[in-house]
Structures are given as structure tokens and as C-alpha cells.
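So the structure is just underneath, and the comments pick up after that.
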Amino acid sequence: ECDEPHDAEVIHAQQFDDALVDQYVDMDVSELCARLTETSGYTDDVRRGSYELSTWVDSWDVDEPEAGDHLICVAEPTNGEKLDAPLPRDASPVQTGTETALFDLQVGDCFNEPDGFGEDELIGFVRVVPCDQGHELELISVVLVPAPDPDYPGNAVIEARAEECLSRFAAYLDIPYDDSRYESGYYSPTEESWDHGDRTIFCMVADPDGEELTESLKGIAR
């Protein structure tokens, strides 16, 4: 949780296109991330000066990525101190109706998965929509996986940690999970994404029959 002590925060994520590849190769990564965070809504002290900005790149060649690879920008305090709250951010940084990086979602966002997305695929981007319009999912919480060892801890450990989503479900919808008509789900790190620093479980709620939701389920108590 971002209100617990932590070293760094993801402040931008997106897929490379040809133009971004050129910028990444030609530009200092700190300057590049400072520019990109404009689209993620971070305030000036995050964009420049108070934090060290670095990149994680999901590519076969991190020095020369290709279009379709993924870029993640990370911010760490320059004074070396731990963070104990989310970094300051402008209101409503995510634009509804647009393709949005999963790591840019905020609790309470309603969204749809990409067309043709399968259970065995890694999800990087979703489409955020207003909660009063038809949507598949609502983000109700995020849970971090403790990582004392750099190696992937195994599916059993991930699944056990994901059980926390059920208590978060009860708190968000204001009803115990077993008494609710809605279904809990989550995205979790895979062995592949773990190697790239992914430690986040995204807890979601959906209709069990696959019907579209047309309102926020926060506090709905059913």
C-alpha cells in the first residue's frame, strides 16, 4: 500500500511506438520520464527536482527497444528516505475512454479489458470508462506481494496473498463476499512480470454472469 513505507513509485507506463523509441534512445531517461509524467498527472515536484526518475523496460534489448515493448518510469526520493504516502498527483489524471496503463489505474476506476484478451496473457493496458457507462470491471484495491527473495515465490504464495482481495471486497462494497451477488477477481504477477519488478495484485469486482456494470459498486451493499 502506498501509505506504508516504500522505496519508489511507478509514475508512468506505456507501450513504445516508433517515436517513443527514438526519444528513449536519444534522450536522458530522467528527462524523458519527466516529460511523460505530464500525461499521468504528477505535479511539478515529482516531474523535476525532488525525485530521481529511472526506467524499467520490458524488451529483449533494453538499450534499443522496439515498438510494442513496454516502458515504466519510476520515482525515488533523492534524499534516500522512504516514502509513506502516494506521490502528489493532479486530480483525475486518467482520461476516461482512452487506453490506460494498468499501473496508472486508481481505486474506483471502472474499465474494460482489451478486445480478445485471454486468461493466459499479460495485461498491460485497459480502457477506462465512466462508471455510469457500461463496463466489465471496477478496481477496488491493490495488494502488494512481500518480496524478501528476488525469485518468483510460486503460484501458491501469490494466490494466498490474493485472498486479501476478499476482505478488501467486503470493505469496498460494504457486504461480506459470500453474501454479495457480485464476483471478485484479480490480476497478479506472473513469473515473467515478477522478473521485471511486478509485485502488485489488482483486486477487482465484476458481474458473475458477465453482464456489463452500469454504476460504481462502492458501498452498494448487495
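Simple scheme: letters A, B, ... for chains in C-alpha cells order, numbers from 1 for residues in each chain, numbers from 1 for ligands in the order shown.
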| task | DSSP on the backbone, then: every residue of region 44-210 of chain A marked alpha helix (DSSP H), written as a ChimeraX atom specification. | result | /A:44-47,155-162,164-173,191-194
| task | Excluding Gly80 (chain A) and residues on its chain fewer than 4 positions from it, collect all residues at most 12 Å away from it, counting only C-alpha atoms, and give them as a PyMOL selection string. | result | chain A and resi 6-8+50-52+75-76
| remark: From CA of Val128 (chain A) to CA of Glu66 (chain A) the spacing works out at 25.7 Å
| said: Excluding Cys131 (chain A) and its own-chain neighbours fewer than 2 positions away, which residues fall within 12 Å of it when counting only C-alpha atoms? Please give them as a list in words. | reply: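 Counting only C-alpha atoms, the residues come to Thr96, Gly97, Gly108, Asp109, Cys110, Phe111, Asn112, Arg127, Val128, Val129, Gln133, Gly134, His135, Glu136, Leu137, Glu138, Leu139, Glu212, Leu213, Thr214, Glu215, Ser216, Leu217 and Lys218 of chain A.
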Written selection (N, CA, C and O atoms) as a compact mmCIF listing (two decimals), in the first residue's frame:
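New file result24.txt:
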# COMPACT_ATOMS: atom_id res chain seq x y z
N THR A 96 -10.88 9.21 -19.16
CA THR A 96 -11.78 8.13 -19.48
C THR A 96 -11.92 7.97 -20.98
O THR A 96 -11.80 8.92 -21.75
N GLY A 97 -12.17 6.73 -21.42
CA GLY A 97 -12.34 6.43 -22.83
C GLY A 97 -11.03 6.24 -23.56
O GLY A 97 -11.03 6.03 -24.77
N GLY A 108 -11.35 2.63 -7.64
CA GLY A 108 -12.60 3.27 -8.03
C GLY A 108 -12.76 3.44 -9.52
O GLY A 108 -13.87 3.75 -9.99
N ASP A 109 -11.68 3.25 -10.30
CA ASP A 109 -11.79 3.34 -11.76
C ASP A 109 -12.58 2.15 -12.30
O ASP A 109 -12.41 1.01 -11.86
N CYS A 110 -13.42 2.41 -13.28
CA CYS A 110 -14.17 1.39 -13.99
C CYS A 110 -13.55 1.23 -15.38
O CYS A 110 -13.16 2.22 -16.00
N PHE A 111 -13.46 -0.01 -15.87
CA PHE A 111 -12.71 -0.21 -17.10
C PHE A 111 -13.10 -1.50 -17.80
O PHE A 111 -13.78 -2.36 -17.24
N ASN A 112 -12.62 -1.62 -19.05
CA ASN A 112 -12.81 -2.81 -19.86
C ASN A 112 -11.45 -3.38 -20.26
O ASN A 112 -10.49 -2.63 -20.47
N ARG A 127 -9.08 -0.03 -20.88
CA ARG A 127 -9.78 1.17 -21.33
C ARG A 127 -10.70 1.65 -20.21
O ARG A 127 -11.69 1.00 -19.87
N VAL A 128 -10.37 2.80 -19.62
CA VAL A 128 -11.15 3.37 -18.53
C VAL A 128 -12.40 4.04 -19.08
O VAL A 128 -12.34 4.72 -20.11
N VAL A 129 -13.54 3.82 -18.42
CA VAL A 129 -14.79 4.44 -18.82
C VAL A 129 -15.48 5.01 -17.58
O VAL A 129 -15.22 4.56 -16.46
N GLN A 133 -21.39 4.29 -17.27
CA GLN A 133 -21.49 3.69 -18.60
C GLN A 133 -21.11 2.22 -18.51
O GLN A 133 -20.45 1.80 -17.58
N GLY A 134 -21.55 1.43 -19.48
CA GLY A 134 -21.31 0.00 -19.44
C GLY A 134 -19.82 -0.34 -19.33
O GLY A 134 -19.01 0.19 -20.09
N HIS A 135 -19.49 -1.21 -18.39
CA HIS A 135 -18.10 -1.63 -18.21
C HIS A 135 -18.06 -3.02 -17.59
O HIS A 135 -19.04 -3.51 -17.04
N GLU A 136 -16.90 -3.65 -17.69
CA GLU A 136 -16.74 -5.02 -17.21
C GLU A 136 -16.26 -5.10 -15.77
O GLU A 136 -16.67 -6.00 -15.02
N LEU A 137 -15.39 -4.17 -15.37
CA LEU A 137 -14.67 -4.32 -14.12
C LEU A 137 -14.55 -2.99 -13.38
O LEU A 137 -14.58 -1.93 -14.00
N GLU A 138 -14.37 -3.08 -12.06
CA GLU A 138 -14.08 -1.91 -11.24
C GLU A 138 -12.93 -2.27 -10.31
O GLU A 138 -12.94 -3.34 -9.68
N LEU A 139 -11.93 -1.40 -10.25
CA LEU A 139 -10.79 -1.65 -9.38
C LEU A 139 -11.15 -1.25 -7.95
O LEU A 139 -11.50 -0.09 -7.71
N GLU A 212 -22.61 -6.41 -18.22
CA GLU A 212 -21.96 -5.14 -18.00
C GLU A 212 -22.48 -4.48 -16.74
O GLU A 212 -23.68 -4.56 -16.41
N LEU A 213 -21.58 -3.81 -16.01
CA LEU A 213 -21.96 -2.98 -14.88
C LEU A 213 -22.26 -1.57 -15.39
O LEU A 213 -21.65 -1.12 -16.36
N THR A 214 -23.16 -0.87 -14.72
CA THR A 214 -23.53 0.48 -15.17
C THR A 214 -23.50 1.49 -14.03
O THR A 214 -24.07 2.58 -14.14
N GLU A 215 -22.84 1.15 -12.93
CA GLU A 215 -22.69 2.06 -11.80
C GLU A 215 -21.49 1.61 -10.97
O GLU A 215 -21.03 0.47 -11.09
N SER A 216 -20.98 2.51 -10.14
CA SER A 216 -19.93 2.12 -9.21
C SER A 216 -20.54 1.23 -8.13
O SER A 216 -21.68 1.44 -7.68
N LEU A 217 -19.78 0.22 -7.70
CA LEU A 217 -20.25 -0.70 -6.67
C LEU A 217 -19.74 -0.34 -5.29
O LEU A 217 -19.98 -1.09 -4.33
N LYS A 218 -19.09 0.79 -5.14
CA LYS A 218 -18.61 1.20 -3.82
C LYS A 218 -19.79 1.42 -2.88
O LYS A 218 -20.69 2.21 -3.16
| field | Spatial neighbours of Asp58 (chain A), 9 Å, only C-alpha atoms, chain gap at least 6 places, as a count of residues only | value | 7
| said: For a quick check of understanding, using only C-alpha atoms, which of A:Leu105, A:Leu36, A:Val205, A:Leu53 has the smallest distance to Tyr172 (chain A)? | reply: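 The shortest atom-to-atom distance to Tyr172 (chain A) comes from A:Val205.
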| Selection near Glu164 (chain A), 8 Å with only C-alpha atoms, sequence-local residues under 4 positions removed, as a list in words |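 Returned residues: Val143, Ala160 and Arg168 of chain A.
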Could you write those residues out with all heavy atoms, as a CSV table (one decimal), in the first residue's frame?
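Output file again.csv is given in full below:
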chain,number,residue,atom,x,y,z
A,143,VAL,N,-3.0,-4.9,-3.7
A,143,VAL,CA,-2.3,-5.6,-2.7
A,143,VAL,C,-0.9,-5.9,-3.1
A,143,VAL,O,-0.7,-6.3,-4.2
A,143,VAL,CB,-3.1,-6.9,-2.3
A,143,VAL,CG1,-2.3,-7.7,-1.3
A,143,VAL,CG2,-4.5,-6.7,-1.9
A,160,ALA,N,-2.3,-17.2,-2.3
A,160,ALA,CA,-2.6,-16.9,-0.8
A,160,ALA,C,-2.7,-15.4,-0.5
A,160,ALA,O,-3.5,-15.0,0.2
A,160,ALA,CB,-1.5,-17.6,0.0
A,168,ARG,N,-10.9,-6.9,1.2
A,168,ARG,CA,-11.0,-5.6,0.5
A,168,ARG,C,-12.3,-5.5,-0.2
A,168,ARG,O,-12.9,-4.4,-0.2
A,168,ARG,CB,-9.8,-5.4,-0.5
A,168,ARG,CG,-8.4,-5.6,0.1
A,168,ARG,CD,-8.0,-4.5,1.1
A,168,ARG,NE,-6.7,-4.8,1.6
A,168,ARG,CZ,-5.5,-4.4,1.1
A,168,ARG,NH1,-5.5,-3.7,-0.1
A,168,ARG,NH2,-4.4,-4.6,1.6
| said: Between A:Asp149, A:Asp178, A:Asp84, A:Glu163, which residue has the minimum interatomic distance to Cys2 (chain A), considering only C-alpha atoms? | reply: A:Asp84
| Do you have the CA of Ser188 (chain A)-CA of Asp18 (chain A) distance handy? |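 Straight-line distance from CA of Ser188 (chain A) to CA of Asp18 (chain A) works out to 29.2 Å.
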| note | Expressed in Å, the length from CA of Gly185 (chain A) to CA of His12 (chain A) is 24.2 Å
| message | Taking the DSSP secondary structure from the backbone, can you list the residues of region 2-165 of chain A that are strand (DSSP E), as a VMD selection string? | response | chain A and resid 9 to 15 51 to 58 70 to 77 99 to 101 110 to 112 125 to 129 137 to 144
| message | I want to know what sits within 9 Å of region 174-177 of chain A, based on only C-alpha atoms, with residues of the same chain fewer than 3 positions away left out; could you give that as a count of residues only? | response | 15
| query | If you count only C-alpha atoms, which residues fall within 9 Å of Ser30 (chain A), apart from same-chain ones fewer than 4 positions away, as a list in words? | reply |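 Here the qualifying residues turn out to be Ala34, Arg35, Arg48, Glu52, Leu53, Ser54, Thr55 and Cys73 of chain A.
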Once you have the residues from the selection above, write them out as a short mmCIF file (atom, residue, chain, number, x, y, z; two decimals), in the first residue's frame, restricted to N, CA and C atoms.
data_model
loop_
_atom_site.label_atom_id
_atom_site.label_comp_id
_atom_site.auth_asym_id
_atom_site.auth_seq_id
_atom_site.Cartn_x
_atom_site.Cartn_y
_atom_site.Cartn_z
N ALA A 34 10.37 12.65 -17.03
CA ALA A 34 9.80 13.92 -16.57
C ALA A 34 8.74 14.42 -17.54
N ARG A 35 9.00 14.25 -18.83
CA ARG A 35 8.02 14.68 -19.84
C ARG A 35 6.79 13.77 -19.84
N ARG A 48 10.21 17.09 -11.69
CA ARG A 48 11.58 17.58 -11.78
C ARG A 48 12.09 18.02 -10.40
N GLU A 52 14.44 11.15 -8.04
CA GLU A 52 15.26 10.57 -9.10
C GLU A 52 14.36 9.70 -9.96
N LEU A 53 14.34 9.98 -11.27
CA LEU A 53 13.49 9.24 -12.18
C LEU A 53 14.32 8.24 -12.96
N SER A 54 13.83 7.01 -13.03
CA SER A 54 14.53 5.96 -13.76
C SER A 54 13.50 5.14 -14.54
N THR A 55 13.99 4.27 -15.41
CA THR A 55 13.10 3.47 -16.25
C THR A 55 13.33 1.98 -16.04
N CYS A 73 8.23 4.21 -15.91
CA CYS A 73 9.02 5.24 -15.24
C CYS A 73 8.78 5.15 -13.73
#
